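Colleague: Supplied structure: protein-v3.cif, mmCIF, C-alpha atoms.
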```cif
data_target
loop_
_atom_site.label_atom_id
_atom_site.label_comp_id
_atom_site.auth_asym_id
_atom_site.auth_seq_id
_atom_site.Cartn_x
_atom_site.Cartn_y
_atom_site.Cartn_z
CA MET A 1 21.86 24.66 -18.42
CA PRO A 2 22.36 21.46 -20.41
CA ALA A 3 19.29 19.84 -21.90
CA PRO A 4 17.96 16.79 -20.06
CA ALA A 5 18.39 13.35 -21.57
CA TYR A 6 14.90 12.36 -22.66
CA ALA A 7 13.65 8.82 -22.00
CA PRO A 8 11.98 6.58 -24.62
CA PRO A 9 8.51 7.88 -25.57
CA ALA A 10 6.70 4.68 -24.56
CA ALA A 11 8.26 4.74 -21.10
CA VAL A 12 7.48 8.43 -20.66
CA ALA A 13 3.87 7.87 -21.78
CA THR A 14 3.42 5.09 -19.21
CA LEU A 15 4.96 7.19 -16.45
CA ARG A 16 2.77 10.13 -17.43
CA LEU A 17 -0.32 7.94 -17.24
CA LEU A 18 0.63 6.73 -13.75
CA LEU A 19 1.33 10.24 -12.48
CA VAL A 20 -1.81 11.71 -14.03
CA LEU A 21 -4.01 8.95 -12.58
CA THR A 22 -2.39 9.48 -9.20
CA VAL A 23 -2.88 13.24 -9.15
CA VAL A 24 -6.46 13.02 -10.48
CA THR A 25 -7.38 11.07 -7.34
CA GLY A 26 -5.88 13.80 -5.13
CA GLY A 27 -9.30 15.23 -4.34
CA VAL A 28 -10.42 12.12 -2.43
CA VAL A 29 -8.74 11.90 0.97
CA LEU A 30 -11.53 10.86 3.31
CA VAL A 31 -9.67 7.68 4.19
CA GLU A 32 -6.04 6.96 4.99
CA PRO A 33 -4.20 5.83 3.02
CA ALA A 34 -6.04 7.74 0.32
CA PRO A 35 -6.31 6.46 -3.28
CA TYR A 36 -3.66 9.07 -4.11
CA ASP A 37 -1.24 7.41 -1.69
CA LEU A 38 -1.87 3.91 -3.02
CA LEU A 39 -1.36 4.98 -6.62
CA LEU A 40 1.64 7.12 -5.73
CA CYS A 41 3.33 4.21 -3.95
CA LEU A 42 2.75 2.12 -7.07
CA THR A 43 4.23 4.88 -9.21
CA LEU A 44 7.24 5.27 -6.92
CA ALA A 45 7.89 1.54 -7.24
CA VAL A 46 7.32 1.18 -10.99
CA GLY A 47 8.38 4.62 -12.18
CA PRO A 48 12.16 4.20 -11.79
CA LEU A 49 11.96 1.00 -13.84
CA LEU A 50 10.35 2.98 -16.66
CA VAL A 51 12.28 6.23 -16.44
CA TRP A 52 15.30 6.68 -14.22
CA PRO A 53 15.02 10.13 -12.60
CA SER A 54 17.60 12.76 -13.47
CA LEU A 55 20.47 13.26 -11.03
CA ARG A 56 21.92 16.42 -12.54
CA THR A 57 24.16 18.59 -10.39
CA SER A 58 21.90 21.60 -11.08
CA LEU A 59 19.36 19.93 -8.78
CA ALA A 60 21.85 19.35 -5.98
CA LEU A 61 20.88 22.33 -3.81
CA PRO A 62 17.18 21.52 -3.38
CA HIS A 63 18.05 17.89 -2.73
CA LEU A 64 20.63 18.98 -0.15
CA LEU A 65 17.99 21.03 1.66
CA ALA A 66 15.61 18.05 1.58
CA ALA A 67 18.36 15.82 2.96
CA LEU A 68 19.03 18.32 5.75
CA LEU A 69 15.34 18.26 6.65
CA LEU A 70 15.44 14.48 6.85
CA LEU A 71 18.59 14.73 8.97
CA ALA A 72 16.90 17.20 11.31
CA ASN A 73 13.99 14.78 11.71
CA GLY A 74 16.39 11.96 12.48
CA ILE A 75 18.32 13.97 15.06
CA SER A 76 15.19 15.14 16.84
CA MET A 77 13.71 11.64 16.74
CA VAL A 78 15.71 10.62 19.83
CA LEU A 79 13.91 13.39 21.74
CA ALA A 80 10.40 12.42 20.61
CA PRO A 81 8.05 12.15 23.63
CA GLU A 82 6.34 9.16 22.02
CA LEU A 83 8.68 7.20 19.76
CA GLY A 84 5.91 5.33 17.95
CA ARG A 85 4.06 8.52 17.10
CA GLY A 86 7.30 10.18 16.10
CA LEU A 87 8.21 7.37 13.73
CA ALA A 88 4.75 7.40 12.16
CA PHE A 89 4.80 11.18 11.65
CA PHE A 90 8.33 11.09 10.26
CA GLY A 91 7.33 8.24 7.95
CA VAL A 92 4.68 10.40 6.29
CA THR A 93 7.14 13.27 5.92
CA ALA A 94 9.79 11.00 4.42
CA TYR A 95 7.27 9.45 2.02
CA LEU A 96 6.22 12.86 0.70
CA MET A 97 9.85 13.94 0.34
CA VAL A 98 10.82 10.79 -1.56
CA ALA A 99 7.87 11.37 -3.89
CA TRP A 100 9.01 14.99 -4.32
CA ALA A 101 12.58 13.95 -5.15
CA LEU A 102 11.49 11.37 -7.73
CA MET A 103 9.05 13.77 -9.37
CA VAL A 104 11.77 16.42 -9.63
CA GLY A 105 14.01 13.87 -11.33
CA TRP A 106 11.27 12.66 -13.68
CA PHE A 107 10.25 16.17 -14.69
CA ASP A 108 13.87 17.05 -15.43
CA ARG A 109 14.43 13.84 -17.40
CA CYS A 110 11.22 13.93 -19.43
CA GLY A 111 10.84 17.64 -20.10
CA PRO A 112 8.18 20.26 -19.29
CA ALA A 113 5.33 18.37 -20.99
CA LEU A 114 5.23 15.81 -18.17
CA ALA A 115 5.08 18.48 -15.49
CA GLU A 116 2.37 20.36 -17.36
CA SER A 117 0.27 17.19 -17.61
CA VAL A 118 0.58 16.71 -13.86
CA LEU A 119 -0.50 20.28 -13.10
CA HIS A 120 -3.48 19.90 -15.43
CA ALA A 121 -4.38 16.65 -13.65
CA HIS A 122 -4.44 18.56 -10.38
CA ALA A 123 -6.75 21.14 -11.95
CA ILE A 124 -9.10 18.36 -13.09
CA ALA A 125 -9.14 16.82 -9.60
CA ALA A 126 -9.78 20.17 -7.92
CA GLY A 127 -12.35 21.23 -10.52
CA ALA A 128 -14.30 17.98 -10.21
CA GLY A 129 -14.22 18.12 -6.41
CA ALA A 130 -15.27 21.77 -6.43
CA ALA A 131 -18.14 21.10 -8.85
CA LEU A 132 -19.48 18.21 -6.78
CA GLY A 133 -19.12 20.18 -3.58
CA VAL A 134 -20.73 23.38 -4.86
CA ALA A 135 -23.62 21.38 -6.31
CA ALA A 136 -24.16 19.65 -2.97
CA TYR A 137 -23.86 22.93 -1.07
CA PHE A 138 -26.67 24.55 -3.03
CA GLY A 139 -28.86 21.45 -3.01
CA LEU A 140 -28.37 20.63 -6.69
CA ALA A 141 -26.84 17.21 -5.98
CA PRO A 142 -26.67 14.74 -3.09
CA GLY A 143 -23.74 14.52 -0.72
CA ALA A 144 -24.31 17.48 1.62
CA ASP A 145 -23.97 15.31 4.74
CA LEU A 146 -20.63 14.02 3.49
CA MET A 147 -19.11 17.15 2.00
CA LEU A 148 -20.30 19.88 4.37
CA PRO A 149 -21.00 18.26 7.74
CA LYS A 150 -20.40 21.53 9.67
CA GLY A 151 -21.82 23.97 7.16
CA ARG A 152 -18.42 24.54 5.53
CA LEU A 153 -17.64 22.89 2.21
CA GLN A 154 -14.83 20.39 2.63
CA GLY A 155 -15.47 18.28 -0.46
CA LEU A 156 -14.07 14.79 -0.14
CA PHE A 157 -11.49 16.01 2.38
CA LYS A 158 -11.49 15.79 6.16
CA ASP A 159 -10.90 19.52 6.61
CA ALA A 160 -12.42 22.52 4.84
CA ASN A 161 -9.15 24.45 5.20
CA VAL A 162 -7.21 21.83 3.27
CA PHE A 163 -9.92 21.52 0.64
CA GLY A 164 -10.02 25.27 0.04
CA ALA A 165 -6.24 25.46 -0.33
CA PHE A 166 -6.25 22.42 -2.62
CA VAL A 167 -8.54 24.22 -5.07
CA VAL A 168 -6.51 27.46 -5.18
CA PRO A 169 -3.78 26.38 -7.67
CA ALA A 170 -6.47 25.08 -10.02
CA VAL A 171 -8.25 28.45 -9.95
CA VAL A 172 -5.02 30.30 -10.70
CA LEU A 173 -4.24 27.93 -13.58
CA ALA A 174 -7.80 28.12 -14.95
CA ILE A 175 -7.77 31.90 -14.96
CA ALA A 176 -4.34 31.88 -16.58
CA ARG A 177 -5.45 29.53 -19.33
CA PHE A 178 -8.78 31.28 -19.81
CA GLY A 179 -7.05 34.58 -20.47
CA GLU A 180 -4.92 33.15 -23.28
CA PRO A 181 -6.03 33.10 -26.95
CA GLU A 182 -6.56 29.36 -27.22
CA ARG A 183 -9.26 26.71 -27.25
CA ARG A 184 -11.08 25.07 -24.32
CA ARG A 185 -11.94 28.41 -22.73
CA LEU A 186 -15.33 27.10 -21.62
CA GLY A 187 -13.75 24.27 -19.64
CA TRP A 188 -11.20 26.51 -17.95
CA GLY A 189 -13.89 29.10 -17.27
CA LEU A 190 -16.05 26.51 -15.52
CA ILE A 191 -13.12 25.34 -13.39
CA ALA A 192 -12.40 28.95 -12.42
CA LEU A 193 -16.06 29.58 -11.53
CA VAL A 194 -16.72 26.47 -9.46
CA GLY A 195 -13.27 26.76 -7.91
CA LEU A 196 -13.88 30.32 -6.76
CA LEU A 197 -17.28 29.35 -5.35
CA ALA A 198 -15.77 26.32 -3.60
CA VAL A 199 -13.04 28.41 -1.96
CA LEU A 200 -15.67 30.97 -0.95
CA VAL A 201 -18.02 28.48 0.75
CA SER A 202 -15.18 26.53 2.35
CA TYR A 203 -15.16 29.58 4.63
CA SER A 204 -11.44 29.11 5.13
CA ARG A 205 -9.78 32.43 5.88
CA GLY A 206 -6.43 30.89 5.03
CA ALA A 207 -7.69 29.74 1.63
CA TRP A 208 -9.18 33.19 0.94
CA ILE A 209 -5.83 34.82 1.66
CA ASN A 210 -4.03 32.13 -0.33
CA LEU A 211 -6.23 32.75 -3.37
CA ALA A 212 -6.07 36.54 -3.15
CA ILE A 213 -2.27 36.51 -2.91
CA GLY A 214 -1.92 33.86 -5.61
CA LEU A 215 -3.99 35.83 -8.11
CA ALA A 216 -2.23 39.10 -7.23
CA VAL A 217 1.19 37.51 -7.70
CA TYR A 218 0.17 35.86 -10.97
CA PHE A 219 -1.13 39.06 -12.55
CA GLY A 220 1.81 40.98 -11.15
CA LEU A 221 4.25 38.58 -12.77
CA ARG A 222 2.44 38.70 -16.09
CA THR A 223 2.44 42.49 -16.00
CA VAL A 224 6.12 42.79 -15.12
CA SER A 225 7.08 40.25 -17.77
CA GLY A 226 5.21 42.29 -20.38
CA ARG A 227 2.70 39.56 -21.25
CA VAL A 228 -0.40 41.71 -20.94
CA GLY A 229 -1.05 42.58 -24.56
CA PRO A 230 -3.94 40.28 -25.59
CA SER A 231 -6.00 40.73 -28.70
CA LEU A 232 -9.25 42.68 -28.74
CA GLY A 233 -11.20 39.42 -28.90
CA THR A 234 -9.46 38.14 -25.79
CA ILE A 235 -10.18 41.38 -23.93
CA VAL A 236 -13.89 41.17 -24.81
CA VAL A 237 -14.11 37.53 -23.68
CA VAL A 238 -12.32 38.24 -20.42
CA VAL A 239 -14.48 41.28 -19.65
CA ILE A 240 -17.66 39.27 -20.25
CA ALA A 241 -16.31 36.48 -18.05
CA VAL A 242 -15.39 38.88 -15.23
CA VAL A 243 -18.83 40.51 -15.33
CA GLY A 244 -20.52 37.12 -15.31
CA LEU A 245 -18.33 35.85 -12.49
CA GLY A 246 -18.96 39.00 -10.47
CA ALA A 247 -22.70 38.62 -10.94
CA ALA A 248 -22.52 34.97 -9.83
CA LEU A 249 -20.53 35.86 -6.70
CA LEU A 250 -22.94 38.67 -5.83
CA ALA A 251 -25.88 36.31 -6.24
CA VAL A 252 -24.26 33.73 -3.98
CA THR A 253 -23.26 36.20 -1.28
CA ASP A 254 -26.81 37.57 -1.30
CA ILE A 255 -28.09 34.23 0.03
CA PRO A 256 -28.78 34.84 3.76
CA ALA A 257 -27.07 31.65 4.99
CA VAL A 258 -23.96 32.37 2.93
CA ARG A 259 -23.86 36.03 3.95
CA GLU A 260 -24.18 35.19 7.64
CA MET A 261 -21.43 32.59 7.45
CA LEU A 262 -19.15 34.97 5.56
CA GLU A 263 -19.67 37.69 8.16
CA MET A 264 -18.96 35.25 10.98
CA ARG A 265 -15.82 33.79 9.38
CA ALA A 266 -14.48 37.21 8.37
CA SER A 267 -14.43 38.30 12.02
CA ALA A 268 -12.09 37.12 14.77
CA GLN A 269 -12.90 33.63 16.07
CA GLY A 270 -12.97 32.60 19.70
CA TYR A 271 -10.22 30.05 19.22
CA ASP A 272 -7.80 32.49 17.57
CA ASN A 273 -6.40 33.56 20.94
CA ASP A 274 -5.89 29.89 21.87
CA ARG A 275 -3.94 29.36 18.64
CA PHE A 276 -1.72 32.38 19.18
CA SER A 277 -1.00 31.55 22.81
CA ASN A 278 -0.24 27.96 21.84
CA GLN A 279 2.19 29.19 19.16
CA ALA A 280 3.90 31.48 21.67
CA ALA A 281 4.33 28.54 24.05
CA ALA A 282 5.70 26.42 21.21
CA LEU A 283 8.23 29.10 20.32
CA SER A 284 9.41 29.22 23.94
CA VAL A 285 9.92 25.45 23.93
CA ALA A 286 11.72 25.65 20.56
CA LEU A 287 14.20 28.15 21.96
CA GLU A 288 14.89 25.80 24.86
CA HIS A 289 15.37 22.78 22.56
CA PRO A 290 17.48 23.85 19.55
CA LEU A 291 17.53 20.25 18.27
CA GLY A 292 13.75 19.95 18.44
CA ILE A 293 11.37 17.79 20.43
CA GLY A 294 10.84 15.18 17.71
CA PRO A 295 8.48 14.67 14.73
CA GLY A 296 4.83 15.00 15.68
CA GLY A 297 5.78 16.27 19.13
CA THR A 298 3.57 19.34 19.11
CA GLU A 299 0.37 17.30 19.39
CA THR A 300 1.63 15.50 22.50
CA ARG A 301 3.40 18.47 24.11
CA PHE A 302 0.72 21.13 23.59
CA PRO A 303 -3.10 21.24 23.84
CA ILE A 304 -3.53 21.86 20.10
CA SER A 305 -1.43 21.63 16.96
CA ALA A 306 1.05 24.36 16.05
CA HIS A 307 -1.14 25.69 13.21
CA SER A 308 2.00 26.91 11.43
CA LEU A 309 4.40 25.07 9.18
CA TYR A 310 7.30 27.20 10.37
CA ILE A 311 6.59 26.88 14.09
CA ARG A 312 6.12 23.12 13.73
CA ALA A 313 9.42 22.79 11.88
CA PHE A 314 11.20 24.89 14.52
CA VAL A 315 9.78 23.23 17.62
CA GLU A 316 9.87 19.65 16.31
CA ASN A 317 13.04 19.61 14.20
CA GLY A 318 15.02 22.46 15.70
CA VAL A 319 16.95 25.24 14.02
CA LEU A 320 18.20 22.92 11.27
CA GLY A 321 14.67 21.76 10.48
CA LEU A 322 13.36 25.31 10.32
CA TRP A 323 16.09 26.53 7.98
CA ALA A 324 15.84 23.45 5.76
CA THR A 325 12.06 23.78 5.48
CA MET A 326 12.14 27.50 4.77
CA GLY A 327 15.13 27.11 2.48
CA LEU A 328 13.44 24.51 0.29
CA LEU A 329 10.21 26.52 0.09
CA ILE A 330 11.96 29.82 -0.62
CA LEU A 331 14.44 28.38 -3.12
CA SER A 332 11.68 26.59 -5.06
CA THR A 333 9.53 29.73 -5.13
CA VAL A 334 12.43 31.95 -6.21
CA ARG A 335 13.28 29.59 -9.07
CA ALA A 336 9.69 29.68 -10.34
CA LEU A 337 9.57 33.47 -9.96
CA TRP A 338 12.86 33.89 -11.82
CA ILE A 339 11.75 31.78 -14.79
CA ALA A 340 8.36 33.52 -14.88
CA LEU A 341 10.19 36.84 -15.28
CA THR A 342 12.99 35.69 -17.60
CA PRO A 343 12.42 36.38 -21.32
CA GLY A 344 11.85 33.20 -23.29
CA SER A 345 8.92 30.94 -23.99
CA VAL A 346 5.52 32.60 -23.60
CA ALA A 347 3.98 29.31 -22.45
CA GLY A 348 6.87 28.75 -20.05
CA GLN A 349 6.54 32.16 -18.45
CA ARG A 350 2.81 31.68 -17.98
CA TRP A 351 3.24 28.18 -16.61
CA PHE A 352 5.89 29.14 -14.06
CA ALA A 353 3.91 32.25 -13.11
CA VAL A 354 1.09 29.90 -12.05
CA ILE A 355 3.50 27.75 -10.03
CA ALA A 356 5.20 30.75 -8.42
CA ALA A 357 1.87 32.40 -7.54
CA SER A 358 0.52 29.18 -6.04
CA LEU A 359 3.68 28.70 -3.96
CA VAL A 360 3.65 32.26 -2.67
CA GLY A 361 0.01 31.85 -1.66
CA VAL A 362 0.57 28.60 0.20
CA ALA A 363 3.78 29.93 1.79
CA VAL A 364 1.81 32.80 3.33
CA GLU A 365 -1.01 30.49 4.42
CA SER A 366 1.58 28.18 5.98
CA ALA A 367 2.24 30.83 8.62
CA VAL A 368 -1.20 30.15 10.13
CA ILE A 369 -1.82 26.55 9.06
CA ASP A 370 0.40 23.48 9.32
CA THR A 371 0.93 22.41 5.71
CA LEU A 372 3.82 19.96 6.11
CA HIS A 373 1.78 16.91 5.09
CA TRP A 374 -0.32 18.59 2.39
CA ARG A 375 0.17 16.45 -0.70
CA HIS A 376 -0.40 19.30 -3.13
CA LEU A 377 2.29 21.43 -1.41
CA TRP A 378 4.96 18.84 -2.24
CA LEU A 379 3.53 18.56 -5.75
CA LEU A 380 3.95 22.31 -6.25
CA LEU A 381 7.47 22.15 -4.83
CA ALA A 382 8.32 19.48 -7.40
CA LEU A 383 6.74 21.39 -10.28
CA ALA A 384 8.88 24.40 -9.40
CA TRP A 385 11.96 22.41 -10.48
CA ALA A 386 10.61 21.32 -13.85
CA PRO A 387 12.80 22.28 -16.83
CA ARG A 388 12.11 25.51 -18.67
CA HIS A 389 10.02 25.56 -21.82
CA THR A 390 11.68 26.44 -25.10
CA PRO A 391 10.07 28.89 -27.55
CA ASP A 392 9.15 26.10 -29.98
CA LEU A 393 6.89 24.58 -27.28
CA ASP A 394 4.57 27.60 -27.26
CA ARG A 395 1.01 26.80 -28.19
#
```
Would you put the structure from the file into structure tokens?

Modeller:
Amino acid sequence: MPAPAYAPPAAVATLRLLLVLTVVTGGVVLVEPAPYDLLLCLTLAVGPLLVWPSLRTSLALPHLLAALLLLANGISMVLAPELGRGLAFFGVTAYLMVAWALMVGWFDRCGPALAESVLHAHAIAAGAGAALGVAAYFGLAPGADLMLPKGRLQGLFKDANVFGAFVVPAVVLAIARFGEPERRRLGWGLIALVGLLAVLVSYSRGAWINLAIGLAVYFGLRTVSGRVGPSLGTIVVVVIAVVGLGAALLAVTDIPAVREMLEMRASAQGYDNDRFSNQAAALSVALEHPLGIGPGGTETRFPISAHSLYIRAFVENGVLGLWATMGLLILSTVRALWIALTPGSVAGQRWFAVIAASLVGVAVESAVIDTLHWRHLWLLLALAWAPRHTPDLDR
């Protein structure tokens, strides 16, 4: 793979600042458009003037899949039951995909440092949101009425399920960085702790599964790649941290209100049957309409949303939309997995292991939750196409 042509340092620094500021606001989405969207639109307008995104042929396949998804949306648009709603829904999808494409090009042009800064910005946003939310949940800070209106922590999001999933990549990254022999362990340890507590008290079964799978995949990748030989000092620190974290989780789950909510959420919910029957009906309609029923059509055609990225793609955008969506997600995940397992930079393997683990977790959760318009999903998909680290970049 040829090395990317790097842009002038001043231009890259300005672009990095814009992207970092944008992603740091990603934890505040109580209003639409969110601050993230406003800053991202500014970045999409100014960014190409600073750094023209890479258009290398090695990135052609993911862009082709994205183009096919846009095409599937366009084809199904003529069948949308409500054209105005269809256009609005498709507009959000297209906006996220344009942002994805430009980020992929910028990461490739500017090198892995830009992508790493963006992922760290996400961790800061998630860590700050988790800290505020956990403090409010346990009465240590104001904001309970805003951040847990139904007893489930949703932070500065509209939905606890989205908030919980938003925090997961930050927890995986924090645990990955905490386990490495480097500085700032206290900061990463705090992000891991408050992040785990936030996911726990979001009471999102999807986020629990997402986190469990993400951590399992991360440690599995690190084991297979042979990067599990830390120093004695690192082992001691990690053991102390695990014991402390376990004690904290036990203390929290011993609180009656938390324990009761965990027991309730861990069991089958009354609306689960409604979701499954709705998905079965959507699949029947999808088989009858191979071109789809149009963007956003599930909300107008069925009593409730599809609650599945894959079913939504199939029923709304047809066979082409389903294969394009799954193809982009699978291809991006496979690339991150491959780099995480390929001998080379230690930092690069660790970094892509975090991305791959986060993508696998959200891909599984996407089977039971509609994630198409999750901002952090498209961010992860872009990060999966960042250039590989070189050994001299190891820290």

Colleague: Select, from A:Thr325, A:Ser117, A:Gln154, A:Ser308, the residue with the minimum atom-to-atom distance to Leu18 of chain A, counting all atoms listed in the file.

Modeller: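 Of all the options, A:Ser117 lies closest to Leu18 of chain A.
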
Colleague: Considering all atoms listed in the file, state which residue in the set A:Leu132, A:Leu331, A:Ala384, A:Ala280 is at the smallest distance from Ala144 of chain A.

Modeller: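 Looking at the shortest contact to Ala144 of chain A, the residue is A:Leu132.
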
Colleague: Kindly indicate which residue among A:Trp100, A:Trp106, A:Phe302, A:Phe314 lies nearest to Leu15 of chain A, using only C-alpha atoms for the distances.

Modeller: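 Ranked by minimum distance to Leu15 of chain A, first place goes to A:Trp106.
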
Colleague: For the structure provided, state which residues fall under the PyMOL selection byres ((chain A and resi 375) around 12), and present them as number ranges by chain.

Modeller: A: 22-23, 25-29, 34, 36-37, 40, 92-93, 95-97, 99-100, 122, 162-163, 165-166, 371-374, 376-382

Colleague: Could you tell me which residues the PyMOL selection byres ((chain A and resi 150-152) around 7) returns for this structure, as a list in words?

Modeller: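 That selection, the PyMOL selection byres ((chain A and resi 150-152) around 7), comes back as Leu148, Pro149, Leu153, Gln154, Ala160, Val201, Ser202 and Tyr203 of chain A.
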
Colleague: Taking all atoms of segment 317-325 of chain A that appear in the file, build a box with edges along x, y and z, extend it by 6 Å on every side, and state its centre and edge lengths in Å to one decimal, as JSON.

Modeller:
```
{"center_x": 15.1, "center_y": 23.1, "center_z": 10.6, "size_x": 18.1, "size_y": 18.9, "size_z": 22.2}
```

Colleague: Can you give me, as a PyMOL selection string, the residues this file yields under the PyMOL selection byres ((chain A and resi 128-131) around 12)?

Modeller: chain A and resi 24-29+121-127+132-138+140-141+143+147+153-157+160+163-168+170-171+187-188+190-202

Colleague: Nearest to Leu309 of chain A among A:Val362, A:Leu211, A:Ala45, A:Ile355, with distances taken over only C-alpha atoms: which residue is it?

Modeller: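 Among the listed residues, the smallest separation from Leu309 of chain A belongs to A:Val362.
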
Colleague: Hey, can you check how far atom CA of Leu215 of chain A sits from atom CA of Ser332 of chain A?

Modeller: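 The value is 18.4 Å.
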
Colleague: So, counting all atoms listed in the file, which residue among A:Gly189, A:Gly344, A:Gly296, A:Pro142 is closest to Gly226 of chain A?

Modeller: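 Under the stated criterion, the closest residue is A:Gly344.
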
Colleague: Quote the spacing between atom CA of Cys41 of chain A and atom CA of Ala324 of chain A in Å to one decimal place.

Modeller: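 Rounded to one decimal, the two atoms are 24.9 Å apart.
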
Colleague: Could you tell me how far atom CA of Ser284 of chain A lies from atom CA of Leu329 of chain A, in Å and to one decimal?

Modeller: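 Taking atom CA of Ser284 of chain A and atom CA of Leu329 of chain A, their separation equals 24.0 Å.
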
Colleague: Could you rebuild segment 137-153 of chain A with N, CA, C and O atoms and give it back as a PDB file, in the frame of the given file?

Modeller:
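The resulting file, part39.pdb, is reproduced below:
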```
ATOM      1  N   TYR A 137     -23.651  21.803  -1.992  1.00  0.00           N
ATOM      2  CA  TYR A 137     -23.860  22.930  -1.070  1.00  0.00           C
ATOM      3  C   TYR A 137     -25.169  23.651  -1.383  1.00  0.00           C
ATOM      4  O   TYR A 137     -25.902  24.044  -0.465  1.00  0.00           O
ATOM      5  N   PHE A 138     -25.461  23.822  -2.647  1.00  0.00           N
ATOM      6  CA  PHE A 138     -26.670  24.550  -3.030  1.00  0.00           C
ATOM      7  C   PHE A 138     -27.850  23.627  -3.324  1.00  0.00           C
ATOM      8  O   PHE A 138     -28.841  24.046  -3.931  1.00  0.00           O
ATOM      9  N   GLY A 139     -27.755  22.373  -2.896  1.00  0.00           N
ATOM     10  CA  GLY A 139     -28.860  21.450  -3.010  1.00  0.00           C
ATOM     11  C   GLY A 139     -29.150  20.956  -4.409  1.00  0.00           C
ATOM     12  O   GLY A 139     -30.243  20.463  -4.681  1.00  0.00           O
ATOM     13  N   LEU A 140     -28.177  21.083  -5.309  1.00  0.00           N
ATOM     14  CA  LEU A 140     -28.370  20.630  -6.690  1.00  0.00           C
ATOM     15  C   LEU A 140     -27.942  19.191  -6.892  1.00  0.00           C
ATOM     16  O   LEU A 140     -28.161  18.628  -7.971  1.00  0.00           O
ATOM     17  N   ALA A 141     -27.318  18.595  -5.898  1.00  0.00           N
ATOM     18  CA  ALA A 141     -26.840  17.210  -5.980  1.00  0.00           C
ATOM     19  C   ALA A 141     -26.755  16.656  -4.571  1.00  0.00           C
ATOM     20  O   ALA A 141     -26.671  17.422  -3.599  1.00  0.00           O
ATOM     21  N   PRO A 142     -26.796  15.329  -4.432  1.00  0.00           N
ATOM     22  CA  PRO A 142     -26.670  14.740  -3.090  1.00  0.00           C
ATOM     23  C   PRO A 142     -25.245  14.869  -2.578  1.00  0.00           C
ATOM     24  O   PRO A 142     -24.334  15.244  -3.306  1.00  0.00           O
ATOM     25  N   GLY A 143     -25.072  14.532  -1.298  1.00  0.00           N
ATOM     26  CA  GLY A 143     -23.740  14.520  -0.720  1.00  0.00           C
ATOM     27  C   GLY A 143     -23.475  15.600   0.292  1.00  0.00           C
ATOM     28  O   GLY A 143     -22.349  15.752   0.776  1.00  0.00           O
ATOM     29  N   ALA A 144     -24.512  16.380   0.668  1.00  0.00           N
ATOM     30  CA  ALA A 144     -24.310  17.480   1.620  1.00  0.00           C
ATOM     31  C   ALA A 144     -23.822  16.956   2.964  1.00  0.00           C
ATOM     32  O   ALA A 144     -22.944  17.561   3.588  1.00  0.00           O
ATOM     33  N   ASP A 145     -24.382  15.853   3.440  1.00  0.00           N
ATOM     34  CA  ASP A 145     -23.970  15.310   4.740  1.00  0.00           C
ATOM     35  C   ASP A 145     -22.497  14.915   4.735  1.00  0.00           C
ATOM     36  O   ASP A 145     -21.814  15.027   5.759  1.00  0.00           O
ATOM     37  N   LEU A 146     -22.016  14.469   3.588  1.00  0.00           N
ATOM     38  CA  LEU A 146     -20.630  14.020   3.490  1.00  0.00           C
ATOM     39  C   LEU A 146     -19.659  15.171   3.270  1.00  0.00           C
ATOM     40  O   LEU A 146     -18.585  15.213   3.876  1.00  0.00           O
ATOM     41  N   MET A 147     -20.055  16.130   2.430  1.00  0.00           N
ATOM     42  CA  MET A 147     -19.110  17.150   2.000  1.00  0.00           C
ATOM     43  C   MET A 147     -19.198  18.478   2.746  1.00  0.00           C
ATOM     44  O   MET A 147     -18.321  19.322   2.611  1.00  0.00           O
ATOM     45  N   LEU A 148     -20.245  18.673   3.541  1.00  0.00           N
ATOM     46  CA  LEU A 148     -20.300  19.880   4.370  1.00  0.00           C
ATOM     47  C   LEU A 148     -20.984  19.568   5.699  1.00  0.00           C
ATOM     48  O   LEU A 148     -22.048  20.102   6.008  1.00  0.00           O
ATOM     49  N   PRO A 149     -20.367  18.699   6.493  1.00  0.00           N
ATOM     50  CA  PRO A 149     -21.000  18.260   7.740  1.00  0.00           C
ATOM     51  C   PRO A 149     -21.158  19.387   8.767  1.00  0.00           C
ATOM     52  O   PRO A 149     -22.017  19.304   9.632  1.00  0.00           O
ATOM     53  N   LYS A 150     -20.335  20.437   8.696  1.00  0.00           N
ATOM     54  CA  LYS A 150     -20.400  21.530   9.670  1.00  0.00           C
ATOM     55  C   LYS A 150     -20.797  22.848   9.019  1.00  0.00           C
ATOM     56  O   LYS A 150     -20.526  23.925   9.562  1.00  0.00           O
ATOM     57  N   GLY A 151     -21.403  22.758   7.835  1.00  0.00           N
ATOM     58  CA  GLY A 151     -21.820  23.970   7.160  1.00  0.00           C
ATOM     59  C   GLY A 151     -20.744  24.590   6.296  1.00  0.00           C
ATOM     60  O   GLY A 151     -20.996  25.565   5.591  1.00  0.00           O
ATOM     61  N   ARG A 152     -19.537  24.056   6.345  1.00  0.00           N
ATOM     62  CA  ARG A 152     -18.420  24.540   5.530  1.00  0.00           C
ATOM     63  C   ARG A 152     -18.082  23.452   4.506  1.00  0.00           C
ATOM     64  O   ARG A 152     -17.924  22.281   4.865  1.00  0.00           O
ATOM     65  N   LEU A 153     -17.936  23.857   3.252  1.00  0.00           N
ATOM     66  CA  LEU A 153     -17.640  22.890   2.210  1.00  0.00           C
ATOM     67  C   LEU A 153     -16.234  22.341   2.383  1.00  0.00           C
ATOM     68  O   LEU A 153     -15.261  23.093   2.387  1.00  0.00           O
TER      69      LEU A 153
END
```
